[in-house]
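Q: What follows is a single structure, and I will ask about it in a moment.
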2 protein chains.
Amino acid sequence: MNPGDRVRVDRADRTYEGVLLPSSTDDNLVVKLDGGYNVGIDRDDADIEVLDEDVYEIDGSDTEDEDENAGADSEIEFNDDLPTISLISTGGTIASTVDYRTGAVTAQFDAEDVLRAVPDLAGRANYRGRVVANILSENMEPPIWQELAQAVFEEIEAGADGVVVMHGTDTMQYSASALAFMLETPVPIVFTGSQRSADRPSSDNVMNAVSAVEAAKSDCAEVLVCMHASESDDTCALHRGTRVRKNHTSRRDAFETIGAEPLGTVDYDAEEVTFRRDHQERGEAELELTAELENDVELLKFTPGMDPTFLDVVEGAGGLVIEGTGLGHVHTDLIPRIEELIDDGTTVVMTSQCLGGRVCDRVYDTGRDLLDAGVIEAGDTLPGTAKVKLMWALANEASAEEAMQTSLAGELQERSVPWE
Amino acid sequence: MNPGDRVRVDRADRTYEGVLLPSSTDDNLVVKLDGGYNVGIDRDDADIEVLDEDVYEIDGSDTEDEDENAGADSEIEFNDDLPTISLISTGGTIASTVDYRTGAVTAQFDAEDVLRAVPDLAGRANYRGRVVANILSENMEPPIWQELAQAVFEEIEAGADGVVVMHGTDTMQYSASALAFMLETPVPIVFTGSQRSADRPSSDNVMNAVSAVEAAKSDCAEVLVCMHASESDDTCALHRGTRVRKNHTSRRDAFETIGAEPLGTVDYDAEEVTFRRDHQERGEAELELTAELENDVELLKFTPGMDPTFLDVVEGAGGLVIEGTGLGHVHTDLIPRIEELIDDGTTVVMTSQCLGGRVCDRVYDTGRDLLDAGVIEAGDTLPGTAKVKLMWALANEASAEEAMQTSLAGELQERSVPWE
C-alpha cells in the first residue's frame, strides 16, 4: 500500500474510497475521496484494501528533505520582471489541491507544485510556498495564529512582494483579524479559501487563488480576505480582514464586509484590482511583528434565559467579550456579576449580536448601568474581531480600554457606512 | 411633586430632566426624558426639584381600578363593521407612547388611550388593550413569554380578530419565536416595536403600529414581526417570527428575514397588506396553547480558543444549542466532552454562526464525528430560534430530536431561498 494507490478503508462502520495520500504520522491514513475532500482516518482497527495501484503519481512525496528556499530549487525559472508572491498554506478546502500533489507532509512546496495545482497562476508571479499547518480551520487555535504571523513576517522579510494565505473558510475571519493586529505590513497579506473543493464543477478554488495572487500584487498593504463577490465567476471581493464575516454556510459568496462596501474587487478576466475606499498603501508601513496574545479571553453571547453561571467560567480571566442585544445590552440581573468580574481585573467589552451598527450604551438605563460597571464599548467592531483584538490588546497595549475604543486595523469604523 | 410635573432629578452623578410619570412602586421615579425615553430612577438618595407644575395632563393615572374589559369602558363606540384588534404591551420604546399617557401601572388600557397615543389608528379597528409587562426587552425572560402567550390566547378566545404585541426590539425575535411554538392560532399575531422613540422626528413608532394593525387584520394566521422594510416611511416588512433577526443596532429597517424574502409587506399609504409566499391563512388552525418550557437550555457560540469548561456549565442541562462555524463545526477537541453531555442526557443541537445557509455535518470529518457523538442538526434554523424551539420541544414533544429536524412554525426551511 503506497501513496497514489486507490484504496477502500473500512473503519467504525464507515467506508472511505479514494486515493491514498502521504501522511505526516504513522497513526493516520490520509485519503483523497472522490468528492475531492481529504480525510484523515485513524489507522487503528482500519481495514484497508488496495483497489488499484499507482493510479496517481504523487510528485511531491520526495520533497520532504527540501528545507532550503523552495523557490530556488524549482525547475521554473525566476523571472526578474515579476513580483514574488509567497503562498502559505494552513489547510482547508483550498489547500487540498496543493496537498494532493505534494502530500501533506512537506513544510515547503515550490513554484512547480503551485503551478501543477493551479496552472492559471502561471506567469503572474514568482512563487514561494510554505506550509504552516494542515488543519480544518475549526481546529485553528491562537498559537497557530502566532506561527502563521511569524511565517508571514519571515516571508516578507525575505523579500516577498505579497503574501497569500490559504485557509479554511470556517474561521478565516478570526485568523485574518489576528494577523491584522499582529503585523504592520508594507505589502498585501491576502487570505483566500474555497467553499467548494477543486474536484467539483462549481469550485471557487482557481478563481479565488488567482484573484488572491492579483490582490497580493496590488497597492494595498493590509490584511485582506479575497473570496467570490457573487455566485458568478467574474469578480472577487477584497474584504478588510477585521470587518469580514462568513455569512453563509455554503454559498461561494459567503463572505461579506459588515457595515461597509468591500474595500475593493478583483476582476478575474481583466486581472484588474480596484479599490473603492481609503486603505493603507504599499510601502507606507514598516514591517513589524507583535505576536503576543493573552489567551484567557472568552466570548459570550447573551440570549434570554441565559444561565448566569456562564459568567463564573470567566472568573479571573483576562478578558470577556459579550455579544449583547441591540445597542449592547444584557439582562440587568447580570450586571452586578459583570461588575464583580471587572473589579477582579477582567476587561469586559460589549459588542452586539445585531452585527450591523454600533454599540451605544448611553441611550438606555441598562447600557448606562453597564458603563457604570466598567464595561467598555467596542463601537461597531464585530464580536469575533473584538475577541481577537482584546487578546492582542491585553498582551501588547498599555491600556486595553483605550485600544478597544481606537481603530488599530480598520476594525472600528468612524461611522458605519453607507447609512446612519 | 406630582405626575405631570417637569422635574430635575440628581442621582449618583447623573442629572435627569423631564416629565414625571406615574410609577408602579414607591421605590422608583419614572421620568420621561426630553429625548422621549422613559427612565426609572431609584428614589433613594435622589435629589428632586420641581421645575414646573402640571406641564402635562396625565390622563390615564386614574384608570388603575379598571379591571374589566377595557374596550367596554371606552368612550369610543364599538363599530360592528370593524374587526377587533387586541393590543398587548410588554414595554420597550414603542410602548412608551402609551405608557406616557396611561402611566406604567395600569394592567389594561382602553381604545381611548390607544387613539390618544397613536391617532392614526382611528377608524381601522375596535381596540382592546392589555399590559403584560413593562420592561426593556433585554430583561425579557421565558416565564414572561408564557404570560404573554397566555394573554394572547385569552384575547383570541375573547374574540380578537388579530393581536398586536408591542415589544422592545432587542429580544423581539426570541419572543416571537416562543409564541410561534406555543400557539396554534386562527388569527394573526403581529409583533411590532420601534427603533426610535415617539418624540424623535425620525420615529418609526406610528407607521409600525399602524402597519401592525393592518397586518393583524390580514389573512395570515401566523406569528409575524412588522417593522420598517427600508429607511423610507412607505413600507413595513412582515417577517415570519421564527426567521427574523435584528441585524442592526439602530437602523429603522434593522429587522431582516434570513434566507428568504420577508413573508409580506404593508404599504403604509395604500393600507395594503400583500403576501409573497405561502403562509397559514386565517381560520386554518384551531386556537391552542402549549406553553410549557424546559428552562435549562443554553446557547453557546464557539470561537477559536474557546475555554472548554464552558461545556461544564451545561452538565446535566436539558439542552444545548451550539453556534458552530461554517457547516456546523467546533474544535475537534470539544467533541468527546459533547459526547459525554449527550450520554448524560443533554440534547445537543448544532446551528451555524454564519446565520445564512444550512448546517450540514456530513461533509467534513469534524461534522461526521459530531453526528456520531449524537449531535442533532438544526438545518437552517437560526441559533436563537433553535434555542427557543429546543426549550419548547423538550417540554412538549415526545422526541426533541425529531422535532428539531421538522419545521413546526416555519423556522426550518426546506431549502433556503432564493439561492442553493
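Just remember, in the C-alpha cells the first chain shown is A, the second B, etc., residues are 1-based per chain, and ligands are 1-based in the order shown.
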Find the residues around region 238-241 of chain B up to 8 Å (only C-alpha atoms counted), leave out those fewer than 5 positions away in its own chain, and share them as an MDAnalysis selection string.

A: chainID B and resid 173 176:177 180 215 222:227 256:257 262:266 410

Q: Generate a file of the selected residues that holds N, CA and C atoms, formatted as a compact mmCIF listing (two decimals), in the first residue's frame.

A:
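Saved result, part-v8.txt, follows:
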```
# COMPACT_ATOMS: atom_id res chain seq x y z
N GLN B 173 -37.19 38.98 18.45
CA GLN B 173 -37.14 37.75 17.66
C GLN B 173 -37.26 36.50 18.53
N ALA B 176 -41.03 36.36 19.66
CA ALA B 176 -41.88 35.97 18.53
C ALA B 176 -41.73 34.48 18.26
N SER B 177 -40.50 33.98 18.33
CA SER B 177 -40.29 32.54 18.15
C SER B 177 -41.01 31.74 19.23
N ALA B 180 -44.60 31.57 18.51
CA ALA B 180 -44.87 30.77 17.32
C ALA B 180 -44.91 29.28 17.66
N ALA B 215 -51.71 44.50 9.45
CA ALA B 215 -51.29 43.09 9.32
C ALA B 215 -52.15 42.19 10.20
N GLU B 222 -50.32 33.68 11.34
CA GLU B 222 -49.01 33.26 11.86
C GLU B 222 -48.50 34.32 12.84
N VAL B 223 -47.41 34.00 13.50
CA VAL B 223 -46.74 34.99 14.34
C VAL B 223 -45.78 35.77 13.45
N LEU B 224 -46.00 37.06 13.34
CA LEU B 224 -45.24 37.91 12.43
C LEU B 224 -44.49 38.99 13.20
N VAL B 225 -43.47 39.52 12.58
CA VAL B 225 -42.81 40.74 13.08
C VAL B 225 -43.00 41.79 12.00
N CYS B 226 -43.54 42.94 12.39
CA CYS B 226 -43.83 44.02 11.45
C CYS B 226 -42.95 45.23 11.79
N MET B 227 -41.99 45.51 10.94
CA MET B 227 -41.09 46.65 11.14
C MET B 227 -40.76 47.28 9.79
N GLU B 256 -34.53 41.75 9.56
CA GLU B 256 -34.45 41.09 8.27
C GLU B 256 -34.83 39.62 8.41
N THR B 257 -35.51 39.12 7.39
CA THR B 257 -35.74 37.68 7.30
C THR B 257 -34.46 37.05 6.76
N PRO B 262 -38.93 38.53 2.98
CA PRO B 262 -39.98 38.60 4.01
C PRO B 262 -41.28 37.94 3.49
N LEU B 263 -42.11 37.50 4.40
CA LEU B 263 -43.35 36.83 4.02
C LEU B 263 -44.29 37.79 3.29
N GLY B 264 -44.26 39.05 3.69
CA GLY B 264 -45.16 40.01 3.07
C GLY B 264 -44.77 41.43 3.38
N THR B 265 -45.60 42.36 2.93
CA THR B 265 -45.34 43.77 3.16
C THR B 265 -46.65 44.49 3.47
N VAL B 266 -46.51 45.62 4.14
CA VAL B 266 -47.66 46.51 4.35
C VAL B 266 -47.32 47.84 3.69
N GLY B 410 -42.41 27.18 10.60
CA GLY B 410 -41.71 27.87 9.52
C GLY B 410 -40.25 28.18 9.81
```

Q: Find the residues of chain A that sit at most 8 Å from chain B; for each, write down the nearest two atoms and how far apart they are in Å, to one decimal. Count only C-alpha atoms. Sort by chain, then by number going up, and give it as a tab-separated table.

A:
```
residue	atom	partner	partner_atom	distance
A:Tyr37	CA	B:Tyr364	CA	7.9
A:Val39	CA	B:Asp365	CA	6.7
A:Gly40	CA	B:Asp365	CA	7.8
A:Glu138	CA	B:His331	CA	5.2
A:Asn139	CA	B:His331	CA	4.7
A:Met140	CA	B:Pro304	CA	6.3
A:Glu141	CA	B:Gly305	CA	5.6
A:Pro142	CA	B:Gly305	CA	6.2
A:Thr169	CA	B:Gly326	CA	7.3
A:Asp170	CA	B:Gly326	CA	4.8
A:Thr171	CA	B:Thr325	CA	6.9
A:Tyr174	CA	B:Pro304	CA	7.5
A:Arg245	CA	B:Cys354	CA	7.8
A:Lys246	CA	B:Cys354	CA	5.6
A:Asn247	CA	B:Cys354	CA	4.3
A:His248	CA	B:Gly356	CA	4.2
A:Thr249	CA	B:Gly357	CA	4.9
A:Ser250	CA	B:Gly357	CA	6.3
A:Arg251	CA	B:Glu420	CA	7.2
A:Asn295	CA	B:Gly305	CA	7.4
A:Glu298	CA	B:Met306	CA	6.3
A:Leu299	CA	B:Thr303	CA	7.3
A:Leu300	CA	B:Lys301	CA	7.0
A:Lys301	CA	B:Lys301	CA	6.5
A:Thr303	CA	B:Gly384	CA	7.3
A:Pro304	CA	B:Glu141	CA	5.6
A:Gly305	CA	B:Glu141	CA	5.6
A:Met306	CA	B:Glu298	CA	6.3
A:Asp307	CA	B:Glu298	CA	7.1
A:Thr309	CA	B:Val313	CA	6.9
A:Phe310	CA	B:Val313	CA	6.4
A:Val313	CA	B:Phe310	CA	6.4
A:Thr325	CA	B:Asp170	CA	5.3
A:Gly326	CA	B:Asp170	CA	4.7
A:Leu327	CA	B:Thr249	CA	5.1
A:His329	CA	B:Glu138	CA	6.3
A:Val330	CA	B:Glu138	CA	5.6
A:His331	CA	B:Asn139	CA	4.7
A:Thr332	CA	B:Asn139	CA	6.5
A:Ser352	CA	B:Thr249	CA	7.3
A:Gln353	CA	B:Asn247	CA	7.8
A:Cys354	CA	B:Asn247	CA	4.3
A:Leu355	CA	B:Asn247	CA	6.1
A:Gly356	CA	B:His248	CA	4.1
A:Gly357	CA	B:Thr249	CA	4.9
A:Arg358	CA	B:Thr249	CA	6.1
A:Val359	CA	B:Thr249	CA	6.9
A:Tyr364	CA	B:Val39	CA	7.7
A:Asp365	CA	B:Val39	CA	6.7
A:Gly384	CA	B:Thr303	CA	7.3
A:Glu420	CA	B:Arg251	CA	7.1
```

Q: Near Pro188 (chain B), within 6 Å and counting only C-alpha atoms, which residues show up once chain neighbours fewer than 2 positions away are dropped, as number ranges by chain?

A: B: 162, 216, 220-222

Q: Could you write out, as a PyMOL selection string, all the residues of region 246-419 of chain A that DSSP marks as strand (DSSP E)?

A: chain A and resi 246+255-257+264-267+272-275+288-289+297-301+319-324+347-352+376-377

Q: What is the distance, in Å and to one decimal place, between CA of Arg243 (chain A) and CA of Ala260 (chain A)?

A: 8.5 Å

Q: Just to confirm, what's the straight-line distance from CA of Glu288 (chain B) to CA of Lys389 (chain B) in Å (one decimal)?

A: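 CA of Lys389 (chain B) lies 16.9 Å from CA of Glu288 (chain B).
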
Q: Excluding Glu401 (chain A) and any residue of its chain fewer than 4 positions from it, enumerate the residues within 10 Å of it, using only C-alpha atoms, and give them as an MDAnalysis selection string.

A: chainID A and resid 347:349 374:378 390 393:394 397 405:406

Q: Report as an MDAnalysis selection string all protein, DNA and RNA residues lying within 12 Å of Ala270 (chain B), evaluated on only C-alpha atoms, omitting residues in the same chain fewer than 2 positions from it.

A: chainID B and resid 210:211 214 234:236 265:268 272:274

Q: Using only C-alpha atoms, pick whichever of B:Ala151, B:Ile88, B:Ile156, B:Ala117 has the shortest atom-to-atom distance to Val206 (chain B).

A: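 Once distances to Val206 (chain B) are computed over only C-alpha atoms, the minimum belongs to B:Ala117.
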
Q: Write down as a PyMOL selection string the residues of region 105-345 of chain A whose backbone DSSP state falls under alpha helix (DSSP H).

A: chain A and resi 111-117+142-157+172-182+205-216+310-313+335-343
